[in-house]
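Asker: Here you go, this is my_file-v3.txt (compact mmCIF, C-alpha atoms and all ligand atoms).
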# COMPACT_ATOMS: atom_id res chain seq x y z
CA MET A 1 17.43 90.16 -126.91
CA SER A 2 15.07 89.24 -129.76
CA CYS A 3 13.72 85.91 -131.03
CA PRO A 4 16.50 83.92 -132.79
CA VAL A 5 13.91 82.47 -135.20
CA CYS A 6 11.72 85.42 -136.28
CA GLY A 7 13.35 88.49 -134.70
CA ALA A 8 10.24 89.56 -132.74
CA GLU A 9 10.31 90.71 -129.11
CA LEU A 10 10.64 88.30 -126.20
CA GLU A 11 8.63 88.47 -122.98
CA PRO A 12 8.86 86.42 -119.74
CA ALA A 13 7.22 82.99 -120.18
CA ARG A 14 4.72 82.78 -117.33
CA ALA A 15 4.51 78.99 -117.04
CA PHE A 16 8.33 78.77 -116.90
CA ALA A 17 9.11 81.85 -114.78
CA ALA A 18 11.17 79.93 -112.20
CA ALA A 19 13.44 78.64 -115.00
CA GLY A 20 13.85 82.18 -116.37
CA LEU A 21 12.51 81.33 -119.84
CA GLU A 22 11.43 84.02 -122.28
CA CYS A 23 8.84 83.55 -124.98
CA CYS A 24 8.58 85.08 -128.46
CA THR A 25 5.49 87.26 -128.81
CA ALA A 26 5.15 86.32 -132.51
CA CYS A 27 6.18 82.70 -133.18
CA GLY A 28 6.02 81.22 -129.66
CA LEU A 29 9.65 80.06 -129.44
CA HIS A 30 10.83 79.81 -125.81
CA VAL A 31 14.42 80.82 -125.09
CA SER A 32 16.57 79.84 -122.10
CA ALA A 33 18.76 82.49 -120.53
CA VAL A 34 22.33 81.89 -121.72
CA GLU A 35 25.27 83.65 -120.14
CA ASP A 36 27.49 83.47 -123.18
CA ASP A 37 27.19 83.50 -126.98
CA ALA A 38 26.73 80.40 -129.16
CA GLY A 39 30.46 79.65 -128.89
CA ALA A 40 30.14 78.53 -125.27
CA GLY A 41 27.24 76.24 -126.09
CA ARG A 42 29.28 74.57 -128.82
CA ALA A 43 32.15 73.72 -126.47
CA THR A 44 29.69 71.71 -124.37
CA TYR A 45 29.62 69.07 -127.11
CA ALA A 46 33.12 69.31 -128.56
CA ASP A 47 34.67 68.70 -125.11
CA ASP A 48 32.19 65.90 -124.26
CA ARG A 49 30.66 67.74 -121.28
CA TYR A 50 27.19 66.86 -122.56
CA LEU A 51 28.18 63.23 -122.95
CA ALA A 52 29.44 63.18 -119.35
CA ALA A 53 26.13 64.59 -118.10
CA ARG A 54 23.91 62.33 -120.23
CA SER A 55 26.02 59.21 -120.73
CA ALA A 56 23.28 56.79 -119.57
CA VAL A 57 21.02 58.02 -122.38
CA GLN A 58 23.75 58.28 -125.00
CA TRP A 59 25.10 54.76 -124.48
CA HIS A 60 21.76 52.96 -124.07
CA GLU A 61 22.14 51.03 -127.31
CA VAL A 62 18.99 48.88 -127.06
CA GLN A 63 16.74 51.90 -126.45
CA ARG A 64 18.48 54.03 -129.09
CA ARG A 65 18.15 51.32 -131.75
CA HIS A 66 14.49 50.91 -130.85
CA GLU A 67 13.88 54.66 -131.25
CA ALA A 68 15.71 54.55 -134.59
CA ARG A 69 13.43 51.80 -135.90
CA VAL A 70 10.29 53.70 -134.80
CA ARG A 71 11.57 56.82 -136.58
CA LEU A 72 12.47 54.88 -139.73
CA ARG A 73 8.96 53.39 -139.90
CA TRP A 74 7.55 56.94 -139.76
CA MET A 75 10.04 58.27 -142.34
CA ARG A 76 9.25 55.53 -144.85
CA ARG A 77 5.90 57.19 -145.59
CA TRP A 78 7.86 60.00 -147.28
CA LEU A 79 11.09 58.34 -148.33
CA ALA A 80 11.53 54.60 -148.86
CA GLN A 81 15.15 54.64 -150.02
CA GLY A 82 18.07 56.93 -150.81
CA GLU A 83 20.77 58.77 -148.91
CA LEU A 84 20.29 60.06 -145.35
CA PHE A 85 22.40 62.73 -143.67
CA GLU A 86 22.10 62.89 -139.88
CA VAL A 87 22.97 66.01 -137.91
CA GLY A 88 24.03 65.02 -134.38
CA ALA A 89 24.57 61.34 -135.18
CA ALA A 90 25.65 60.53 -131.59
CA ALA A 91 27.00 56.95 -131.33
CA GLY A 92 25.75 56.12 -134.83
CA TRP A 93 22.91 53.78 -133.94
CA PHE A 94 20.24 55.57 -135.97
CA LEU A 95 22.47 55.58 -139.06
CA ASP A 96 23.36 51.94 -138.47
CA GLU A 97 19.68 50.93 -138.29
CA ALA A 98 18.96 53.07 -141.37
CA ALA A 99 21.81 51.40 -143.30
CA ARG A 100 20.57 47.95 -142.28
CA SER A 101 17.14 48.82 -143.68
CA GLY A 102 18.57 49.88 -147.03
CA TYR A 103 19.41 53.59 -146.89
CA ARG A 104 22.84 54.99 -147.73
CA VAL A 105 24.00 57.02 -144.75
CA ARG A 106 26.41 59.70 -143.58
CA GLY A 107 26.40 62.18 -140.72
CA VAL A 108 28.13 64.67 -138.48
CA GLU A 109 28.59 64.69 -134.69
CA PRO A 110 30.56 67.18 -132.55
CA SER A 111 31.40 64.79 -129.69
CA PRO A 112 34.83 63.20 -130.33
CA ARG A 113 33.96 60.05 -128.36
CA LEU A 114 30.53 59.51 -129.89
CA SER A 115 31.62 60.20 -133.47
CA ASP A 116 34.59 57.86 -132.99
CA HIS A 117 32.15 55.17 -131.81
CA ALA A 118 29.91 55.79 -134.82
CA ARG A 119 32.86 55.22 -137.15
CA ARG A 120 34.68 52.36 -135.42
CA VAL A 121 31.88 50.32 -133.81
CA ALA A 122 28.82 51.18 -135.87
CA GLY A 123 31.05 51.44 -138.98
CA ARG A 124 29.31 54.53 -140.34
CA ASP A 125 30.55 57.60 -142.24
CA VAL A 126 30.33 60.24 -139.50
CA ALA A 127 32.49 63.38 -139.46
CA THR A 128 33.54 64.95 -136.15
CA GLY A 129 32.35 68.54 -135.99
CA TYR A 130 29.40 70.86 -136.44
CA ALA A 131 27.04 70.76 -139.42
CA GLU A 132 27.70 74.47 -139.97
CA ASP A 133 31.45 73.85 -140.43
CA ILE A 134 31.79 70.74 -142.60
CA ALA A 135 31.94 70.65 -146.38
CA THR A 136 28.54 70.62 -148.07
CA VAL A 137 27.83 67.82 -150.49
CA PRO A 138 24.28 68.45 -151.71
CA SER A 139 23.52 64.81 -152.44
CA ALA A 140 21.29 63.64 -149.58
CA ASP A 141 17.64 62.75 -150.11
CA ALA A 142 16.90 63.56 -146.46
CA ALA A 143 18.50 65.24 -143.47
CA CYS A 144 17.54 64.05 -139.99
CA LEU A 145 17.75 66.08 -136.77
CA TRP A 146 16.55 63.98 -133.82
CA HIS A 147 16.52 66.14 -130.68
CA VAL A 148 19.29 68.35 -132.00
CA LEU A 149 17.63 71.67 -132.85
CA GLU A 150 16.91 72.60 -129.21
CA HIS A 151 20.63 72.35 -128.32
CA GLY A 152 21.76 75.36 -130.36
CA ALA A 153 21.12 79.06 -129.87
CA GLN A 154 20.60 79.59 -133.63
CA PRO A 155 18.19 76.94 -134.96
CA VAL A 156 17.68 78.61 -138.35
CA THR A 157 21.44 78.57 -139.06
CA LEU A 158 21.54 74.88 -138.16
CA LEU A 159 18.53 74.07 -140.37
CA ARG A 160 20.17 75.90 -143.29
CA ALA A 161 23.34 73.87 -142.78
CA ALA A 162 21.31 70.65 -142.79
CA ALA A 163 19.39 71.71 -145.91
CA ALA A 164 22.67 72.51 -147.68
CA GLN A 165 23.44 68.75 -147.65
CA LEU A 166 20.22 68.02 -149.58
CA ARG A 167 19.60 67.68 -153.27
CA PRO A 168 16.82 70.03 -154.46
CA GLY A 169 13.53 68.48 -153.40
CA GLY A 170 15.22 66.65 -150.50
CA LEU A 171 13.45 66.33 -147.15
CA VAL A 172 14.25 67.44 -143.61
CA PHE A 173 12.97 65.32 -140.70
CA VAL A 174 12.98 66.96 -137.27
CA GLU A 175 11.96 65.88 -133.78
CA VAL A 176 12.08 68.13 -130.70
CA PRO A 177 10.32 68.33 -127.31
CA ASN A 178 6.98 70.20 -127.45
CA ILE A 179 6.82 73.03 -124.92
CA ALA A 180 3.20 73.71 -125.95
CA SER A 181 2.12 70.24 -124.77
CA PRO A 182 -0.21 70.06 -121.74
CA ALA A 183 2.49 67.98 -119.97
CA ALA A 184 5.09 70.74 -120.37
CA GLN A 185 2.66 73.50 -119.40
CA ARG A 186 1.55 71.57 -116.31
CA MET A 187 5.09 70.77 -115.15
CA GLY A 188 6.39 74.28 -115.86
CA SER A 189 9.97 74.76 -114.67
CA ARG A 190 10.11 71.11 -113.50
CA TRP A 191 9.53 69.78 -117.05
CA SER A 192 12.36 67.30 -117.69
CA SER A 193 12.86 68.41 -121.31
CA LEU A 194 13.98 71.89 -120.22
CA GLU A 195 17.46 70.37 -119.62
CA ALA A 196 18.94 73.55 -118.22
CA GLY A 197 22.29 74.41 -119.75
CA PHE A 198 21.79 72.07 -122.71
CA HIS A 199 18.46 72.97 -124.30
CA LEU A 200 18.78 76.63 -125.30
CA VAL A 201 15.56 77.00 -127.31
CA HIS A 202 12.18 75.27 -126.92
CA PHE A 203 9.63 74.80 -129.69
CA THR A 204 5.89 75.12 -130.02
CA PRO A 205 4.36 73.90 -133.33
CA GLY A 206 4.25 77.54 -134.52
CA ALA A 207 7.89 78.18 -133.62
CA LEU A 208 9.01 75.01 -135.42
CA ARG A 209 7.09 76.03 -138.53
CA ALA A 210 8.58 79.54 -138.38
CA GLY A 211 12.11 78.12 -138.02
CA LEU A 212 11.73 75.75 -140.96
CA GLU A 213 10.29 78.48 -143.18
CA ARG A 214 13.03 80.96 -142.22
CA ALA A 215 15.54 78.33 -143.31
CA GLY A 216 13.96 78.38 -146.78
CA LEU A 217 12.12 75.07 -146.40
CA VAL A 218 8.54 74.19 -147.34
CA VAL A 219 6.72 72.60 -144.40
CA LEU A 220 4.89 69.42 -145.42
CA ARG A 221 3.74 68.29 -141.99
CA ILE A 222 3.98 69.16 -138.30
CA GLU A 223 2.45 66.83 -135.73
CA SER A 224 2.94 65.83 -132.12
CA VAL A 225 3.25 62.37 -130.58
CA PRO A 226 3.35 61.21 -126.96
CA ALA A 227 6.70 60.33 -125.41
CA ALA A 228 5.28 56.79 -124.98
CA THR A 229 5.78 56.35 -128.75
CA TYR A 230 9.36 55.30 -127.96
CA LEU A 231 8.70 52.92 -125.05
CA ARG A 232 10.14 49.47 -125.64
CA PRO A 233 7.66 46.60 -125.27
CA VAL A 234 9.86 44.83 -122.66
CA ALA A 235 6.83 42.92 -121.44
CA TRP A 236 7.08 40.60 -124.48
CA ALA A 237 9.99 38.79 -122.80
CA ASP A 238 7.62 37.28 -120.22
CA PRO A 239 4.70 35.27 -121.69
CA ARG A 240 2.65 35.72 -118.50
CA ARG A 241 2.74 39.45 -119.05
CA VAL A 242 1.74 39.37 -122.71
CA LEU A 243 -2.00 39.49 -122.01
CA GLY A 244 -1.55 42.36 -119.54
CA ALA A 245 0.61 44.22 -122.06
CA LEU A 246 -2.02 43.73 -124.78
CA ARG A 247 -4.73 45.08 -122.48
CA ALA A 248 -2.55 48.07 -121.52
CA ALA A 249 -1.76 48.78 -125.18
CA TRP A 250 -5.46 48.69 -126.03
CA ARG A 251 -6.28 51.11 -123.21
CA ALA A 252 -3.39 53.38 -124.20
CA ARG A 253 -4.09 53.26 -127.95
CA ALA A 254 -5.31 56.86 -127.97
CA ALA A 255 -1.96 57.91 -126.51
CA PHE A 256 -0.16 56.66 -129.62
CA ARG A 257 -2.19 58.75 -132.03
CA THR A 258 -0.76 61.93 -133.43
CA HIS A 259 -2.21 65.32 -132.53
CA PRO A 260 -1.40 68.82 -133.83
CA TRP A 261 0.04 69.95 -130.47
CA ARG A 262 -0.95 67.82 -127.44
CA GLY A 263 1.88 65.23 -127.59
CA GLU A 264 5.15 65.79 -125.69
CA LEU A 265 7.22 65.48 -128.87
CA LEU A 266 6.97 67.48 -132.09
CA ARG A 267 7.86 65.99 -135.45
CA ALA A 268 8.11 67.83 -138.72
CA VAL A 269 8.77 67.04 -142.37
CA ALA A 270 9.89 69.87 -144.63
CA GLN A 271 11.28 70.07 -148.14
CA ARG A 272 14.09 71.93 -149.84
CA PRO A 273 12.32 73.56 -152.81
CA ALA A 274 13.12 72.02 -156.17
CA PRO A 275 13.86 74.39 -159.08
CA VAL A 276 10.80 75.17 -161.19
CA ALA A 277 10.64 72.90 -164.25
CA GLY A 278 11.83 74.55 -167.45
CA LYS A 279 13.91 77.20 -165.67
CA PRO A 280 17.62 76.80 -164.98
CA ALA A 281 18.53 76.60 -161.25
CA ALA A 282 19.84 79.86 -159.83
CA GLY A 283 23.53 80.10 -158.99
ZN ZN B 1 9.82 84.25 -132.83
Can the structure from this file be put into structure tokens for me?

Answerer:
Amino acid sequence: MSCPVCGAELEPARAFAAAGLECCTACGLHVSAVEDDAGAGRATYADDRYLAARSAVQWHEVQRRHEARVRLRWMRRWLAQGELFEVGAAAGWFLDEAARSGYRVRGVEPSPRLSDHARRVAGRDVATGYAEDIATVPSADAACLWHVLEHGAQPVTLLRAAAAQLRPGGLVFVEVPNIASPAAQRMGSRWSSLEAGFHLVHFTPGALRAGLERAGLVVLRIESVPAATYLRPVAWADPRRVLGALRAAWRARAAFRTHPWRGELLRAVAQRPAPVAGKPAAG
């Protein structure tokens, strides 16, 4: 088997030997052993097996909305308004928060139950299915993939499908776990983000860059952030704990800074190239 991102050879990943991971000798992508082809992985979502295994996370509305608002604050630096297309829209809470803050939104989600929720409860335009299969309407100003890319065996194909929904010059926002982080390397096969059976590929900053570039995108930024970026400040509910929370936040302030690779989560912004001015667009 060769690397699904760059085609180079794979070798056993030493830090993750017990989990049977292989690592690309060129781009650094880590690959989980999969018994079947991509078709089997897809059924996991279409028949709601993933939802059954991770329902506590999927239905945690308060936490999911909080994460959405943190991501929207970050995205605003690149795109303050326009149309967002989300790949893997889950229950629709990110799109709902985005719509409430002024974006036009649409998305796609393979889980029948989650996509139904996104339409009926969150009231958002979410198709049931895979991004690779639905009709492409190249109108979006940005495509968002929050913890989606690691679930498929062919990340470049998925990125191309996301980019096909963009107008020329549109942006792709991605977040995935960072297997190059000291936390992942220290935990090895016990690292919680390995999610055996669900996460099929695992990214380092170099592998994410290689994947985006193979999909024909121009990388604008890759950075890492700590998982604590998405903690909810629950302490605010209790006034007696406010001072303690302020002190803790001050001590932890370094943990909220971005770093090229040390944080547990990787985020990237990439762009679908716009046609060169003065020349007609190809095709
Ligand atoms: Zn590779």

Asker: A:Ala17, A:Leu208, A:Leu166, A:Ala196: which is nearest ligand ZN 1 (chain B), counting all atoms listed in the file?

Answerer: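 Under the stated criterion, the closest residue is A:Leu208.
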
Asker: Return as a PyMOL selection string the residues of protein, DNA or RNA that approach ligand ZN 1 (chain B) to within 10 Å, with all atoms listed in the file taken into account.

Answerer: chain A and resi 2-10+23-31+203+206-208+210-211

Asker: Which residue, A:Arg14, A:Leu194, A:Glu175, A:Val276, has the smallest gap to Trp74 of chain A when you use all atoms listed in the file?

Answerer: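 Once distances to Trp74 of chain A are computed over all atoms listed in the file, the minimum belongs to A:Glu175.
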
Asker: Neighbours of segment 52-59 of chain A within 12 Å (only C-alpha atoms; same-chain residues fewer than 3 positions away dropped), as an MDAnalysis selection string?

Answerer: chainID A and resid 44:49 62:65 67 88:94 111 113:115 117:118 195:198

Asker: Quick one: write out the picked residues with C-alpha atoms as a short mmCIF file (atom, residue, chain, number, x, y, z; two decimals), in the coordinates of the input?

Answerer:
data_model
loop_
_atom_site.label_atom_id
_atom_site.label_comp_id
_atom_site.auth_asym_id
_atom_site.auth_seq_id
_atom_site.Cartn_x
_atom_site.Cartn_y
_atom_site.Cartn_z
CA THR A 44 29.69 71.71 -124.37
CA TYR A 45 29.62 69.07 -127.11
CA ALA A 46 33.12 69.31 -128.56
CA ASP A 47 34.67 68.70 -125.11
CA ASP A 48 32.19 65.90 -124.26
CA ARG A 49 30.66 67.74 -121.28
CA VAL A 62 18.99 48.88 -127.06
CA GLN A 63 16.74 51.90 -126.45
CA ARG A 64 18.48 54.03 -129.09
CA ARG A 65 18.15 51.32 -131.75
CA GLU A 67 13.88 54.66 -131.25
CA GLY A 88 24.03 65.02 -134.38
CA ALA A 89 24.57 61.34 -135.18
CA ALA A 90 25.65 60.53 -131.59
CA ALA A 91 27.00 56.95 -131.33
CA GLY A 92 25.75 56.12 -134.83
CA TRP A 93 22.91 53.78 -133.94
CA PHE A 94 20.24 55.57 -135.97
CA SER A 111 31.40 64.79 -129.69
CA ARG A 113 33.96 60.05 -128.36
CA LEU A 114 30.53 59.51 -129.89
CA SER A 115 31.62 60.20 -133.47
CA HIS A 117 32.15 55.17 -131.81
CA ALA A 118 29.91 55.79 -134.82
CA GLU A 195 17.46 70.37 -119.62
CA ALA A 196 18.94 73.55 -118.22
CA GLY A 197 22.29 74.41 -119.75
CA PHE A 198 21.79 72.07 -122.71
#

Asker: In Å to one decimal, how far is atom CA of Ile179 of chain A from atom CA of Ala15 of chain A?

Answerer: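 Distance between the two atoms: 10.1 Å.
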
Asker: Which one of A:Ile134, A:Val108, A:Ala277, A:Leu200 sits closest to Ser32 of chain A if you count only C-alpha atoms?

Answerer: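 For Ser32 of chain A, the nearest of the candidates is A:Leu200.
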
Asker: Closest to His147 of chain A among A:Glu223, A:Glu213, A:Glu97, A:Glu86, using all atoms listed in the file?

Answerer: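 Among the listed residues, A:Glu86 lies closest to His147 of chain A.
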
Asker: Between A:Arg209, A:Arg186, A:Arg160, A:Arg104, which residue has the minimum interatomic distance to Glu132 of chain A, considering all atoms listed in the file?

Answerer: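 Between A:Arg209, A:Arg186, A:Arg160, A:Arg104, the residue approaching Glu132 of chain A most closely is A:Arg160.
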
Asker: So how many Å separate atom CA of Asp96 of chain A and atom CA of Leu217 of chain A, to one decimal?

Answerer: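 Between atom CA of Asp96 of chain A and atom CA of Leu217 of chain A the gap works out to 26.9 Å.
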
Asker: Identify which of the residues A:Leu171, A:Ala268, A:Leu95, A:Ala122 lies closest to Trp78 of chain A, counting all atoms listed in the file when measuring atom-to-atom distances.

Answerer: A:Leu171

Asker: Work out how far atom CA of Ala163 of chain A is from atom CA of Thr128 of chain A, in Å to one decimal.

Answerer: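 Here the two named atoms are 18.5 Å from each other.
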
Asker: Would you mind listing what lies within 9 Å of segment 224-226 of chain A as a list in words, with only C-alpha atoms counted and same-chain residues fewer than 2 positions away left out?

Answerer: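 Once the adjacent positions are removed, what remains is Asn178, Ser181, Pro205, Ile222, Ala228, Thr229, Tyr230, Ala255, Phe256, Arg257, Thr258, His259, Pro260, Trp261, Arg262, Gly263, Glu264, Leu265, Leu266, Arg267 and Ala268 of chain A.
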
Asker: Calculate, to one decimal in Å, the centre and edge lengths of the box along x, y and z of the file that holds all listed atoms of segment 87-104 of chain A with 4 Å of margin on each side, and present them as JSON.

Answerer:
{"center_x": 22.1, "center_y": 57.0, "center_z": -139.5, "size_x": 17.9, "size_y": 26.1, "size_z": 24.4}
